[in-house]
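coords_0.cif (mmCIF, C-alpha atoms and all ligand atoms) appears below.
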data_model
loop_
_atom_site.label_atom_id
_atom_site.label_comp_id
_atom_site.auth_asym_id
_atom_site.auth_seq_id
_atom_site.Cartn_x
_atom_site.Cartn_y
_atom_site.Cartn_z
CA MET A 257 28.38 16.96 -50.02
CA GLN A 258 25.65 19.41 -50.92
CA ARG A 259 22.82 18.19 -53.10
CA ARG A 260 23.94 20.39 -56.02
CA ASP A 261 27.46 18.92 -55.79
CA PHE A 262 26.01 15.44 -55.68
CA LEU A 263 23.98 16.08 -58.80
CA ARG A 264 26.93 17.74 -60.58
CA ASN A 265 29.08 14.77 -59.64
CA THR A 266 26.41 12.50 -61.05
CA ALA A 267 26.21 14.34 -64.34
CA ALA A 268 29.97 14.32 -64.85
CA THR A 269 30.14 10.96 -66.52
CA GLY A 270 31.83 12.03 -69.75
CA ILE A 271 30.42 8.94 -71.42
CA ALA A 272 28.32 9.33 -74.54
CA LEU A 273 24.75 8.46 -73.65
CA SER A 274 22.29 6.85 -75.97
CA LEU A 275 19.32 6.97 -73.67
CA ARG A 276 16.30 5.26 -75.12
CA SER A 277 13.12 6.81 -73.84
CA ALA A 278 11.63 4.26 -71.51
CA GLY A 279 9.69 6.49 -69.19
CA ASN A 280 10.76 7.60 -65.77
CA PHE A 281 9.65 4.96 -63.33
CA SER A 282 11.52 6.15 -60.28
CA GLY A 283 11.15 9.85 -61.03
CA ALA A 284 13.81 12.52 -60.53
CA ALA A 285 11.49 14.98 -58.83
CA GLU A 286 8.60 13.07 -57.34
CA PRO A 287 8.44 9.29 -57.66
CA GLN A 288 5.23 8.42 -59.36
CA GLU A 289 3.03 5.78 -57.80
CA THR A 290 1.55 4.67 -61.08
CA THR A 291 2.39 5.04 -64.73
CA PRO A 292 0.53 3.86 -67.80
CA PRO A 293 2.15 1.05 -69.81
CA VAL A 294 5.35 2.22 -71.49
CA ALA A 295 6.91 0.23 -74.33
CA VAL A 296 10.60 -0.19 -73.49
CA SER A 297 11.39 -2.45 -76.43
CA SER A 298 9.59 -4.23 -79.26
CA VAL A 299 8.70 -7.07 -76.85
CA LEU A 300 8.35 -5.49 -73.41
CA SER A 301 6.04 -2.90 -71.89
CA ILE A 302 6.17 -1.82 -68.28
CA GLU A 303 3.39 -0.46 -66.14
CA ARG A 304 3.74 0.77 -62.59
CA LEU A 305 0.68 -0.29 -60.60
CA ASP A 306 1.81 1.03 -57.23
CA THR A 307 4.96 2.20 -55.47
CA ASP A 308 5.91 -1.43 -54.86
CA HIS A 309 4.34 -3.14 -57.84
CA PHE A 310 5.33 -3.32 -61.52
CA ARG A 311 3.77 -5.24 -64.36
CA LEU A 312 6.07 -6.41 -67.15
CA VAL A 313 4.08 -7.29 -70.26
CA PHE A 314 6.17 -9.56 -72.47
CA ARG A 315 4.93 -10.02 -76.03
CA PRO A 316 7.59 -11.47 -78.34
CA ALA A 317 6.63 -12.07 -81.98
CA GLU A 318 7.61 -15.74 -81.56
CA PRO A 319 7.33 -17.56 -78.21
CA ARG A 320 10.58 -17.39 -76.26
CA SER A 321 11.87 -16.95 -72.75
CA LEU A 322 12.26 -13.61 -71.00
CA ARG A 323 15.98 -12.95 -70.63
CA ILE A 324 17.17 -11.37 -67.39
CA LEU A 325 20.82 -10.47 -66.90
CA GLN A 326 21.75 -10.66 -63.23
CA ILE A 327 24.69 -8.39 -62.52
CA THR A 328 26.02 -7.84 -59.04
CA ASP A 329 28.55 -6.09 -56.85
CA THR A 330 29.72 -3.50 -59.34
CA HIS A 331 31.02 -1.21 -56.55
CA PHE A 332 31.11 1.81 -58.84
CA GLY A 333 32.09 5.34 -57.97
CA ASN A 334 35.37 5.30 -56.03
CA PRO A 335 37.26 8.48 -56.98
CA GLU A 336 40.80 7.08 -57.22
CA ALA A 337 42.25 6.81 -60.74
CA GLU A 338 42.80 3.09 -60.30
CA HIS A 339 39.11 2.59 -59.52
CA GLN A 340 37.98 4.84 -62.34
CA GLU A 341 39.94 2.63 -64.71
CA ARG A 342 38.33 -0.47 -63.17
CA ASP A 343 34.87 1.08 -63.49
CA ALA A 344 35.55 1.77 -67.16
CA ARG A 345 36.39 -1.91 -67.59
CA THR A 346 33.11 -2.85 -65.92
CA PHE A 347 31.17 -0.50 -68.22
CA GLU A 348 32.86 -2.13 -71.19
CA LEU A 349 32.02 -5.59 -69.83
CA LEU A 350 28.37 -4.54 -69.46
CA ARG A 351 28.24 -3.45 -73.09
CA ARG A 352 29.74 -6.76 -74.19
CA LEU A 353 27.29 -8.70 -72.02
CA LEU A 354 24.35 -6.83 -73.52
CA ALA A 355 25.58 -7.36 -77.06
CA ALA A 356 26.13 -11.08 -76.47
CA GLU A 357 23.05 -11.90 -74.38
CA ARG A 358 20.46 -9.32 -75.49
CA PRO A 359 18.61 -9.29 -72.15
CA ASP A 360 15.10 -7.90 -71.82
CA LEU A 361 15.78 -6.81 -68.24
CA ILE A 362 18.81 -6.28 -66.00
CA ALA A 363 18.57 -7.33 -62.34
CA HIS A 364 21.30 -5.82 -60.16
CA THR A 365 21.60 -7.68 -56.87
CA GLY A 366 23.26 -4.94 -54.88
CA ASP A 367 26.42 -3.00 -54.09
CA PHE A 368 25.89 -0.94 -57.21
CA ILE A 369 27.78 2.08 -55.86
CA ASN A 370 30.09 2.44 -52.87
CA ASN A 371 27.81 5.00 -51.26
CA ASP A 372 29.26 4.12 -47.86
CA ARG A 373 32.70 5.52 -48.74
CA GLY A 374 32.02 9.20 -48.17
CA ASP A 375 31.34 12.34 -50.16
CA LYS A 376 33.78 11.81 -53.02
CA ILE A 377 31.85 8.91 -54.50
CA SER A 378 30.52 9.46 -58.00
CA PHE A 379 27.04 8.37 -59.04
CA ALA A 380 27.87 8.63 -62.74
CA ALA A 381 27.32 4.88 -63.15
CA VAL A 382 23.59 5.50 -62.81
CA GLU A 383 23.65 7.29 -66.15
CA VAL A 384 25.73 4.54 -67.70
CA LEU A 385 23.18 1.91 -66.66
CA ASP A 386 20.40 4.14 -67.92
CA SER A 387 22.16 4.47 -71.27
CA LEU A 388 22.14 0.74 -72.00
CA GLY A 389 18.58 0.77 -73.35
CA VAL A 390 17.40 -2.01 -71.03
CA PRO A 391 15.24 -1.44 -67.92
CA TRP A 392 16.88 -2.48 -64.67
CA THR A 393 15.97 -3.42 -61.15
CA HIS A 394 18.09 -3.15 -58.03
CA ALA A 395 18.08 -5.07 -54.76
CA LEU A 396 19.68 -2.64 -52.32
CA GLY A 397 23.10 -3.79 -51.09
CA ASN A 398 24.89 -2.89 -47.87
CA HIS A 399 27.42 -0.67 -49.71
CA ASP A 400 24.57 1.16 -51.48
CA VAL A 401 23.54 2.75 -48.19
CA GLY A 402 25.58 5.62 -46.83
CA HIS A 403 26.45 9.21 -47.52
CA VAL A 404 23.69 10.05 -49.99
CA PRO A 405 20.27 9.19 -48.55
CA THR A 406 18.63 6.34 -50.44
CA ASP A 407 15.66 8.62 -51.21
CA GLU A 408 18.02 10.91 -53.16
CA TYR A 409 19.99 8.07 -54.72
CA TYR A 410 16.83 6.36 -55.93
CA LYS A 411 15.53 9.51 -57.62
CA LEU A 412 18.42 9.47 -60.08
CA PRO A 413 17.81 6.49 -62.38
CA ARG A 414 15.45 7.02 -65.29
CA GLN A 415 15.26 3.44 -66.48
CA ALA A 416 15.31 1.59 -63.18
CA LEU A 417 12.21 -0.01 -61.71
CA LEU A 418 12.71 0.86 -58.06
CA GLY A 419 9.97 0.11 -55.60
CA TYR A 420 9.14 0.94 -52.02
CA PHE A 421 6.48 0.80 -49.37
CA ASP A 422 6.18 2.64 -46.07
CA ARG A 423 5.67 0.87 -42.79
CA GLY A 424 5.90 2.15 -39.23
CA GLY A 425 7.26 5.46 -40.45
CA GLN A 426 10.09 3.72 -42.30
CA ARG A 427 10.53 3.49 -46.05
CA GLN A 428 11.18 -0.09 -47.11
CA ARG A 429 12.93 -0.86 -50.39
CA ALA A 430 11.18 -3.79 -51.98
CA ALA A 431 9.13 -4.40 -55.06
CA ARG A 432 7.32 -7.09 -56.98
CA TYR A 433 7.45 -7.48 -60.74
CA ASP A 434 4.69 -9.51 -62.36
CA VAL A 435 5.73 -10.94 -65.71
CA VAL A 436 2.66 -11.19 -67.91
CA ALA A 437 2.78 -13.06 -71.21
CA GLY A 438 0.05 -14.61 -73.28
CA ASN A 439 -2.83 -13.68 -70.99
CA GLU A 440 -3.49 -11.24 -68.19
CA HIS A 441 -2.30 -13.53 -65.39
CA PRO A 442 1.34 -13.38 -64.31
CA ALA A 443 3.52 -16.25 -65.50
CA PHE A 444 6.16 -15.32 -62.91
CA THR A 445 6.58 -12.85 -60.09
CA LEU A 446 10.02 -11.48 -59.25
CA TYR A 447 10.69 -9.92 -55.86
CA ALA A 448 13.54 -7.56 -55.02
CA PHE A 449 14.24 -7.28 -51.29
CA ASP A 450 16.51 -4.97 -49.34
CA SER A 451 18.65 -7.19 -47.11
CA GLY A 452 19.90 -4.45 -44.79
CA PHE A 453 23.18 -2.59 -44.37
CA GLU A 454 24.31 -2.64 -40.77
CA MET A 455 24.11 -4.91 -37.77
CA PRO A 456 21.95 -6.01 -36.16
CA ARG A 457 19.82 -5.97 -39.32
CA LYS A 458 21.76 -7.35 -42.24
CA HIS A 459 19.11 -9.67 -43.56
CA VAL A 460 15.61 -9.51 -45.07
CA GLY A 461 13.76 -8.23 -42.01
CA PRO A 462 10.28 -8.44 -40.51
CA PRO A 463 8.68 -5.49 -42.37
CA GLN A 464 9.68 -6.96 -45.72
CA LEU A 465 8.54 -10.45 -44.78
CA GLU A 466 5.20 -9.07 -43.55
CA TRP A 467 4.87 -7.31 -46.88
CA PHE A 468 5.76 -10.54 -48.71
CA ALA A 469 3.05 -12.38 -46.74
CA GLU A 470 0.57 -9.71 -47.79
CA GLN A 471 1.52 -10.17 -51.43
CA LEU A 472 0.92 -13.91 -51.08
CA ALA A 473 -2.45 -13.32 -49.40
CA ARG A 474 -3.44 -10.94 -52.15
CA ASP A 475 -2.50 -13.56 -54.75
CA ARG A 476 -4.50 -16.25 -52.96
CA LYS A 477 -7.55 -14.01 -53.02
CA ALA A 478 -7.06 -13.46 -56.75
CA GLU A 479 -6.35 -17.17 -57.25
CA LEU A 480 -2.87 -16.49 -58.60
CA ASP A 481 -0.21 -19.11 -57.95
CA CYS A 482 2.54 -18.50 -60.51
CA PRO A 483 6.16 -19.36 -59.66
CA GLN A 484 8.22 -16.72 -57.89
CA ILE A 485 11.87 -15.67 -57.87
CA ALA A 486 13.57 -13.64 -55.10
CA LEU A 487 16.45 -11.22 -55.70
CA VAL A 488 18.50 -10.27 -52.63
CA HIS A 489 21.95 -8.91 -51.95
CA ILE A 490 23.01 -10.72 -48.77
CA PRO A 491 22.62 -14.49 -49.09
CA VAL A 492 20.23 -16.24 -46.73
CA ARG A 493 21.80 -18.55 -44.14
CA GLU A 494 20.78 -21.61 -46.15
CA PHE A 495 23.52 -20.84 -48.68
CA GLU A 496 25.94 -21.95 -45.97
CA GLN A 497 23.91 -25.09 -45.26
CA LEU A 498 23.98 -25.84 -48.98
CA ARG A 499 27.76 -25.41 -48.95
CA ALA A 500 28.08 -27.71 -45.94
CA SER A 501 25.96 -30.36 -47.66
CA GLU A 502 28.37 -30.32 -50.61
CA GLN A 503 25.33 -30.69 -52.89
CA PHE A 504 26.14 -27.63 -54.96
CA SER A 505 27.73 -26.86 -58.27
CA GLY A 506 29.95 -23.92 -59.08
CA ILE A 507 32.63 -22.13 -57.13
CA PHE A 508 32.84 -21.91 -53.35
CA GLY A 509 35.72 -19.51 -52.75
CA GLU A 510 34.98 -17.75 -49.47
CA GLN A 511 33.01 -18.09 -46.28
CA VAL A 512 29.30 -17.49 -46.78
CA CYS A 513 28.53 -14.05 -45.31
CA PHE A 514 24.88 -14.48 -44.42
CA GLU A 515 25.47 -11.80 -41.78
CA SER A 516 22.57 -11.63 -39.28
CA ASP A 517 20.17 -13.89 -41.17
CA GLU A 518 18.74 -16.62 -38.94
CA GLY A 519 16.65 -18.55 -41.41
CA VAL A 520 13.37 -16.67 -41.08
CA ALA A 521 13.37 -15.36 -44.65
CA PHE A 522 14.14 -18.72 -46.19
CA ASP A 523 11.45 -20.33 -44.07
CA ALA A 524 8.91 -17.88 -45.50
CA PHE A 525 10.20 -18.52 -49.02
CA ARG A 526 10.05 -22.30 -48.58
CA ARG A 527 6.68 -22.42 -46.84
CA CYS A 528 4.85 -20.40 -49.45
CA GLY A 529 5.36 -23.26 -51.91
CA ARG A 530 5.69 -20.95 -54.88
CA LEU A 531 9.17 -19.51 -54.58
CA ARG A 532 11.50 -21.42 -56.87
CA ALA A 533 14.83 -19.65 -56.49
CA VAL A 534 16.79 -17.03 -54.55
CA PHE A 535 19.42 -15.12 -56.55
CA SER A 536 21.99 -13.42 -54.35
CA GLY A 537 25.16 -11.31 -54.47
CA HIS A 538 27.50 -10.07 -51.69
CA ASP A 539 30.15 -12.82 -51.68
CA HIS A 540 32.36 -12.05 -54.67
CA GLU A 541 34.31 -15.31 -54.51
CA ASN A 542 31.25 -17.56 -54.58
CA ASP A 543 29.12 -18.34 -57.63
CA TYR A 544 27.69 -21.72 -56.72
CA CYS A 545 24.09 -22.90 -56.77
CA GLY A 546 22.04 -25.85 -55.58
CA LEU A 547 18.72 -26.99 -54.23
CA ARG A 548 17.79 -26.61 -50.59
CA ASP A 549 14.37 -27.84 -49.39
CA GLY A 550 12.90 -27.40 -52.86
CA VAL A 551 14.22 -23.87 -53.37
CA GLU A 552 17.23 -23.24 -55.56
CA LEU A 553 19.88 -20.97 -54.05
CA VAL A 554 21.98 -19.21 -56.67
CA TYR A 555 24.88 -16.82 -56.31
CA GLY A 556 25.34 -14.28 -59.05
CA ARG A 557 28.75 -13.83 -60.62
CA VAL A 558 30.65 -10.74 -59.48
CA THR A 559 30.48 -8.14 -62.26
CA GLY A 560 32.48 -5.15 -61.03
CA TYR A 561 36.24 -4.84 -61.28
CA SER A 562 36.24 -2.39 -58.36
CA GLY A 563 35.07 -5.02 -55.89
CA TYR A 564 37.42 -7.41 -54.11
CA GLY A 565 38.20 -10.88 -55.37
CA ASP A 566 39.93 -12.63 -58.22
CA LEU A 567 37.15 -14.41 -60.13
CA PRO A 568 36.88 -13.42 -63.78
CA ARG A 569 34.08 -10.87 -63.96
CA GLY A 570 30.79 -11.84 -65.52
CA ALA A 571 27.06 -12.15 -64.93
CA ARG A 572 24.30 -14.71 -64.81
CA LEU A 573 21.65 -14.99 -67.50
CA ILE A 574 18.26 -16.08 -66.12
CA GLU A 575 15.64 -17.24 -68.61
CA LEU A 576 11.97 -17.45 -67.62
CA ASP A 577 9.75 -19.50 -69.94
CA PRO A 578 6.19 -18.21 -69.64
CA ALA A 579 4.81 -21.16 -71.60
CA THR A 580 5.96 -23.77 -69.09
CA GLY A 581 6.61 -21.77 -65.91
CA SER A 582 10.16 -23.14 -65.89
CA TYR A 583 13.39 -21.20 -65.64
CA SER A 584 17.07 -21.75 -66.24
CA HIS A 585 20.27 -19.84 -65.64
CA ARG A 586 23.91 -19.87 -66.63
CA LEU A 587 27.04 -17.81 -66.18
CA VAL A 588 27.92 -15.47 -69.02
CA PHE A 589 31.05 -13.45 -69.72
CA GLY A 590 30.26 -11.27 -72.71
CA VAL A 591 32.19 -13.29 -75.25
FE FE B 1 30.04 -6.46 -52.74
#

With the file now loaded, output its structure as structure tokens.
Amino acid sequence: MQRRDFLRNTAATGIALSLRSAGNFSGAAEPQETTPPVAVSSVLSIERLDTDHFRLVFRPAEPRSLRILQITDTHFGNPEAEHQERDARTFELLRRLLAAERPDLIAHTGDFINNDRGDKISFAAVEVLDSLGVPWTHALGNHDVGHVPTDEYYKLPRQALLGYFDRGGQRQRAARYDVVAGNEHPAFTLYAFDSGFEMPRKHVGPPQLEWFAEQLARDRKAELDCPQIALVHIPVREFEQLRASEQFSGIFGEQVCFESDEGVAFDAFRRCGRLRAVFSGHDHENDYCGLRDGVELVYGRVTGYSGYGDLPRGARLIELDPATGSYSHRLVFGV
């Protein structure tokens, strides 16, 4: 597909847009490295400090938790009529979820679009997400990588907070999001990691873990030690160990596909002593969670009707309380 066809395909959504101006963080032409603070709602402003670093300033009139809607595995864009109908159902579910849960931020944990299915795939869902009036993040999933280069794909969203850094001549898709509330120090830091798309690297790999270690070192220097949350697509291997321990709650419905992960990422998460939870996607028939070595492992709930599996579609609402540094989460279904 030529670039002009790709863009035309993207624009052909046919869905009425109500785009709220929230700035262009990823940039259609040239991604900007920094942006001044932009108010995206009455309680949230977003500032881009670097290509891989966002600051989310949360200032509600009354103290409350920041509400993050984790959606996952939407698998948008297949051209067949059956899939277009399923995508429309997913769009409708998203609107219901937003109306019911009023999130401040959406965190998509991967497989947003079936970009690996060839040149007929539509990227119109990008505009639908952008039309919801809520900023969104994306942890790159294995099906997100394919026909359209990620550089082109990631230029499309206007309301997504998409980060990257370059290492060894390779662009790495990862970002940190510091949630600031009350004072200038972060109350939480969220991380979105790319977990790879083809063997032998379908896990959070060495460049991203080196980068994570650098973030931790930077924080130590600045004497920052707020709790952290990781967002990934492919679950780390410890999800399977949690399953085997039977110390989990929720649904185990399919084998844990931790792919090529060998425990290195979780070891880094556990050893840093600050990372509280890993929120994952990928396995549509699993939505369980539980504690493993002091870190909570949490599957999202499959959101997209175009993906495989029979679980009722939904999402997970994550609430971060800046006053206490605690968090909670629960499944939500837009009712
Ligand atoms: Fe998926």

Quick one: which chain A residues come within 7 Å of ligand FE 1 (chain B), and what is the nearest atom pair for each with the distance in Å to one decimal, counting all atoms listed in the file, rows ordered by chain and ascending number, as a tab-separated table?
residue	atom	partner	partner_atom	distance
A:Asp329	CA	B:FE1	FE	4.4
A:His331	CA	B:FE1	FE	6.6
A:Asp367	CA	B:FE1	FE	5.2
A:His538	CA	B:FE1	FE	4.5
A:Asp539	CA	B:FE1	FE	6.4
A:His540	CA	B:FE1	FE	6.4
A:Gly563	CA	B:FE1	FE	6.1

* **Test item: residues at most 10 Å from Val554 in chain A, all atoms listed in the file, excluding those fewer than 4 positions along its chain, as a ChimeraX atom specification** => /A:487,491,495,504-506,533-537,542-547,572,585

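Compared by their closest atoms to Arg414 in chain A, and using all atoms listed in the file, the residues A:Gly397, A:Pro391, A:Gly402, A:Gly461 rank with A:Pro391 nearest.
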
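Ranking A:Ser297, A:Gly560, A:Pro335, A:Leu446 by their shortest atom-to-atom distance to Phe468 in chain A, with all atoms listed in the file included, puts A:Leu446 first.
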
* To do: Find the residue from A:Glu510, A:Glu318, A:Asp360, A:Asp450 that sits nearest to Asp566 in chain A; use all atoms listed in the file when measuring.
  => A:Glu510

* Asked: When distances are computed from only C-alpha atoms, which of A:His441, A:Phe508, A:Tyr409, A:Val551 shows the smallest separation from Leu396 in chain A?
  ->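 The shortest atom-to-atom distance to Leu396 in chain A comes from A:Tyr409.
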
Near Ala579 in chain A, within 10 Å and counting all atoms listed in the file, which residues show up once chain neighbours fewer than 4 positions away are dropped, as a PDB file with C-alpha atoms, in the coordinates of the input?
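See result05.pdb below for the written result:
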ATOM      1  CA  PRO A 319       7.330 -17.560 -78.210  1.00  0.00           C
ATOM      2  CA  ARG A 320      10.580 -17.390 -76.260  1.00  0.00           C
ATOM      3  CA  SER A 321      11.870 -16.950 -72.750  1.00  0.00           C
ATOM      4  CA  ALA A 437       2.780 -13.060 -71.210  1.00  0.00           C
ATOM      5  CA  GLY A 438       0.050 -14.610 -73.280  1.00  0.00           C
ATOM      6  CA  ALA A 443       3.520 -16.250 -65.500  1.00  0.00           C
TER       7      ALA A 443
END
